[in-house]
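Colleague: Below you will find the structure I want to go over with you.
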Amino acid sequence: MKLEVKQISWSIEGKQILRDINLEVASGEFVGLIGPNGSGKSTLLRCIYRVLKPDTGVITLNGKNIWHLSAREMAQATAVVLQETPTEFDFTVEEMVWMGRTPHLGIFDRQTEQDHSIVLSALEQVGLSTFAERSFASLSGGEKQRVLIARAIAQQARFLVLDEPTNHLDIRYQLELLELVKGLGVTTIAALHDLNLAATYCDSIYVLKEGTIVAAGNPQALLQPKLIREVFGVGSVVALDSRTDKLRITFFLEDT
Ligand SMILES: Nc1ncnc2c1ncn2[C@@H]1O[C@H](COP(=O)(O)OP(=O)(O)OP(=O)(O)O)[C@@H](O)[C@H]1O
């Protein structure tokens, strides 16, 4: 599934939050969105998963304007994992993951054995098989995050939107989660704060600053000290780690 964002802008209360955004995620690609606090990452993602309607511009999935898709088509195609998930009702972990099957079931359809094995397999993939009966509300932030990834897996969505998916996770789970998502081979756009993680997992990266894309490209070409200084206001040392063959970025505050 291919995502295209063409010339979108969004304002609220006379303040322009996003301006002339263009970006593309090719089928099966993992694209990162980076930028300082308040630069517009979550707002752009909200436009992409159709919670906000841009004032101008068009967003398409496989060439179709997302606002022309039915709610069900949109829910089947797109899975969203956010930093915080408000839970008014106390569902079990398994029930949360079952929700991923909802867009595939008609009103009168019964859950099949196949649905059941998809749910169990999703829980297993995130290492939470033994948590099935636990209450979602009682989980730690990191465990909740993994349940939401399991729900996205059970949804079998062909397009994933992740807003800071690794926020609550310890380092091992950060790596495992991104490894897992990458291994799904699903078209993914993810807002990430950690530039080292972005450099490791993204096929390409878009940099947002004050609501506009100021740079884009593959991590190794893009993430250089000049850009990092201009966008984040910090000094950095960027090296290629010979062991992992990935960028390793160290940051420091510069004298002003
Ligand atoms: N509904 C709204 N009303 C007013 N201002 C808003 C609204 N939504 C977003 N903004 C403003 O738009 C700007 C971009 O916010 P957004 O949450 O998209 O940034 P972000 O890059 O995701 O930030 P962070 O890294 O802190 O999560 C911020 O200044 C925010 O206060």
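By order in the structure tokens, chains are A, B, ...; within a chain, residues start at 1; ligands start at 1, following the order shown.
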Near Glu230 (chain A), within 12 Å and counting only C-alpha atoms, which residues show up once chain neighbours fewer than 6 positions away are dropped, as a count of residues only?
Modeller: 10
Colleague: Taking only C-alpha atoms and all ligand atoms into account, produce a table as JSON lines in which each residue of chain A with an atom at most 7 Å from an atom of ligand 1 appears once, together with its shortest atom pair and the distance in Å to one decimal, ordered by chain and rising number.
Modeller:
```
{"residue": "A:Ile12", "atom": "CA", "partner": "ligand 1", "partner_atom_place_in_ligand_line": "3 (N)", "distance": 5.9}
{"residue": "A:Ile17", "atom": "CA", "partner": "ligand 1", "partner_atom_place_in_ligand_line": "12 (O)", "distance": 5.1}
{"residue": "A:Gly35", "atom": "CA", "partner": "ligand 1", "partner_atom_place_in_ligand_line": "21 (O)", "distance": 6.1}
{"residue": "A:Pro36", "atom": "CA", "partner": "ligand 1", "partner_atom_place_in_ligand_line": "25 (O)", "distance": 5.6}
{"residue": "A:Asn37", "atom": "CA", "partner": "ligand 1", "partner_atom_place_in_ligand_line": "25 (O)", "distance": 3.4}
{"residue": "A:Gly38", "atom": "CA", "partner": "ligand 1", "partner_atom_place_in_ligand_line": "19 (O)", "distance": 3.4}
{"residue": "A:Ser39", "atom": "CA", "partner": "ligand 1", "partner_atom_place_in_ligand_line": "21 (O)", "distance": 3.9}
{"residue": "A:Gly40", "atom": "CA", "partner": "ligand 1", "partner_atom_place_in_ligand_line": "18 (O)", "distance": 3.2}
{"residue": "A:Lys41", "atom": "CA", "partner": "ligand 1", "partner_atom_place_in_ligand_line": "21 (O)", "distance": 3.8}
{"residue": "A:Ser42", "atom": "CA", "partner": "ligand 1", "partner_atom_place_in_ligand_line": "22 (O)", "distance": 3.7}
{"residue": "A:Thr43", "atom": "CA", "partner": "ligand 1", "partner_atom_place_in_ligand_line": "18 (O)", "distance": 3.7}
{"residue": "A:Leu44", "atom": "CA", "partner": "ligand 1", "partner_atom_place_in_ligand_line": "18 (O)", "distance": 6.4}
```
Colleague: I'd like the neighbourhood of Val5 (chain A) as a list in words, where a residue qualifies if any of its atoms comes within 6 Å (using only C-alpha atoms), though same-chain residues fewer than 6 positions away should be ignored.
Modeller: Asn22, Leu23 and Ile59 of chain A
Colleague: Generate a file of the selected residues that holds N, CA and C atoms, formatted as a short mmCIF file (atom, residue, chain, number, x, y, z; two decimals), in the first residue's frame.
Modeller:
```cif
data_model
loop_
_atom_site.label_atom_id
_atom_site.label_comp_id
_atom_site.auth_asym_id
_atom_site.auth_seq_id
_atom_site.Cartn_x
_atom_site.Cartn_y
_atom_site.Cartn_z
N ASN A 22 4.48 17.71 1.60
CA ASN A 22 4.49 16.66 0.58
C ASN A 22 5.33 15.52 1.12
N LEU A 23 4.78 14.31 1.07
CA LEU A 23 5.63 13.16 1.39
C LEU A 23 5.05 11.90 0.78
N ILE A 59 -4.56 13.53 0.54
CA ILE A 59 -3.80 12.37 1.03
C ILE A 59 -4.40 11.13 0.38
#
```
Colleague: Find the residues around His168 (chain A) up to 12 Å (only C-alpha atoms counted), leave out those fewer than 4 positions away in its own chain, and share them as a ChimeraX atom specification.
Modeller: /A:82-84,139-146,163-164,172-174,177
Colleague: Between CA of Val58 (chain A) and CA of Met99 (chain A), what is the distance, to one decimal in Å?
Modeller: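 These atoms are spaced 28.9 Å apart.
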Colleague: Mind checking DSSP for region 127-191 of chain A and telling me the strand (DSSP E) residues as a list in words?
Modeller: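 In region 127-191 of chain A, DSSP puts these residues in strand (DSSP E): Phe159, Leu160, Val161, Leu162, Asp163, Thr187, Thr188, Ile189, Ala190 and Ala191 of chain A.
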Colleague: The selected residues should be written to file as a PDB file, in the first residue's frame (atoms: N, CA and C atoms).
Modeller:
```pdb
ATOM      1  N   PHE A 159      -1.247  -0.753   6.203  1.00  0.00           N
ATOM      2  CA  PHE A 159      -0.621   0.547   6.426  1.00  0.00           C
ATOM      3  C   PHE A 159      -0.627   0.836   7.930  1.00  0.00           C
ATOM      4  N   LEU A 160       0.547   1.114   8.470  1.00  0.00           N
ATOM      5  CA  LEU A 160       0.686   1.346   9.909  1.00  0.00           C
ATOM      6  C   LEU A 160       1.099   2.793  10.184  1.00  0.00           C
ATOM      7  N   VAL A 161       0.423   3.411  11.147  1.00  0.00           N
ATOM      8  CA  VAL A 161       0.798   4.757  11.581  1.00  0.00           C
ATOM      9  C   VAL A 161       1.194   4.664  13.048  1.00  0.00           C
ATOM     10  N   LEU A 162       2.418   5.051  13.350  1.00  0.00           N
ATOM     11  CA  LEU A 162       2.916   4.944  14.725  1.00  0.00           C
ATOM     12  C   LEU A 162       3.330   6.329  15.215  1.00  0.00           C
ATOM     13  N   ASP A 163       2.752   6.749  16.359  1.00  0.00           N
ATOM     14  CA  ASP A 163       3.159   8.032  16.925  1.00  0.00           C
ATOM     15  C   ASP A 163       3.961   7.741  18.189  1.00  0.00           C
ATOM     16  N   THR A 187       3.750  -1.160   4.928  1.00  0.00           N
ATOM     17  CA  THR A 187       4.010   0.267   4.736  1.00  0.00           C
ATOM     18  C   THR A 187       3.800   0.991   6.074  1.00  0.00           C
ATOM     19  N   THR A 188       4.833   1.704   6.532  1.00  0.00           N
ATOM     20  CA  THR A 188       4.751   2.296   7.878  1.00  0.00           C
ATOM     21  C   THR A 188       5.248   3.740   7.886  1.00  0.00           C
ATOM     22  N   ILE A 189       4.528   4.600   8.592  1.00  0.00           N
ATOM     23  CA  ILE A 189       5.057   5.932   8.892  1.00  0.00           C
ATOM     24  C   ILE A 189       5.060   6.089  10.408  1.00  0.00           C
ATOM     25  N   ALA A 190       6.205   6.531  10.941  1.00  0.00           N
ATOM     26  CA  ALA A 190       6.359   6.585  12.395  1.00  0.00           C
ATOM     27  C   ALA A 190       7.014   7.892  12.817  1.00  0.00           C
ATOM     28  N   ALA A 191       6.389   8.574  13.783  1.00  0.00           N
ATOM     29  CA  ALA A 191       7.048   9.719  14.411  1.00  0.00           C
ATOM     30  C   ALA A 191       7.976   9.166  15.482  1.00  0.00           C
TER      31      ALA A 191
END
```
Colleague: Could you check how far CA of Ala137 (chain A) sits from CA of Ser121 (chain A), in Å to one decimal?
Modeller: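 Calculated distance between CA of Ala137 (chain A) and CA of Ser121 (chain A) is 21.7 Å.
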Colleague: If DSSP is run on the backbone, what residues of region 32-255 of chain A are alpha helix (DSSP H)? A reply as a ChimeraX atom specification would be ideal.
Modeller: /A:41-48,71-77,93-98,113-125,141-155,171-184,195-201,219-222,225-232
Colleague: For Ala152 (chain A), find every residue with an atom within 8 Å (counting only C-alpha atoms), except residues of its own chain fewer than 5 positions away, and show them as a ChimeraX atom specification.
Modeller: /A:79-81,97,100,157,160
Colleague: Take the residues just selected and output them with N, CA and C atoms as an mmCIF file, in the first residue's frame.
Modeller:
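Just written: out_13.cif:
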```cif
data_model
loop_
_atom_site.group_PDB
_atom_site.id
_atom_site.type_symbol
_atom_site.label_atom_id
_atom_site.label_comp_id
_atom_site.auth_asym_id
_atom_site.auth_seq_id
_atom_site.Cartn_x
_atom_site.Cartn_y
_atom_site.Cartn_z
ATOM 1 N N ALA A 79 -3.785 0.733 10.565
ATOM 2 C CA ALA A 79 -3.715 0.528 12.014
ATOM 3 C C ALA A 79 -2.910 1.667 12.618
ATOM 4 N N VAL A 80 -3.369 2.133 13.781
ATOM 5 C CA VAL A 80 -2.739 3.299 14.408
ATOM 6 C C VAL A 80 -2.293 2.923 15.821
ATOM 7 N N VAL A 81 -1.042 3.230 16.138
ATOM 8 C CA VAL A 81 -0.550 3.007 17.504
ATOM 9 C C VAL A 81 -0.063 4.343 18.047
ATOM 10 N N VAL A 97 -6.962 -7.049 21.715
ATOM 11 C CA VAL A 97 -6.388 -7.538 20.456
ATOM 12 C C VAL A 97 -7.502 -7.983 19.494
ATOM 13 N N GLY A 100 -8.855 -5.674 16.850
ATOM 14 C CA GLY A 100 -8.205 -5.615 15.540
ATOM 15 C C GLY A 100 -8.952 -6.402 14.481
ATOM 16 N N ALA A 157 -3.541 -4.941 8.931
ATOM 17 C CA ALA A 157 -3.592 -3.708 8.159
ATOM 18 C C ALA A 157 -2.403 -3.650 7.201
ATOM 19 N N LEU A 160 0.547 1.114 8.470
ATOM 20 C CA LEU A 160 0.686 1.346 9.909
ATOM 21 C C LEU A 160 1.099 2.793 10.184
#
```
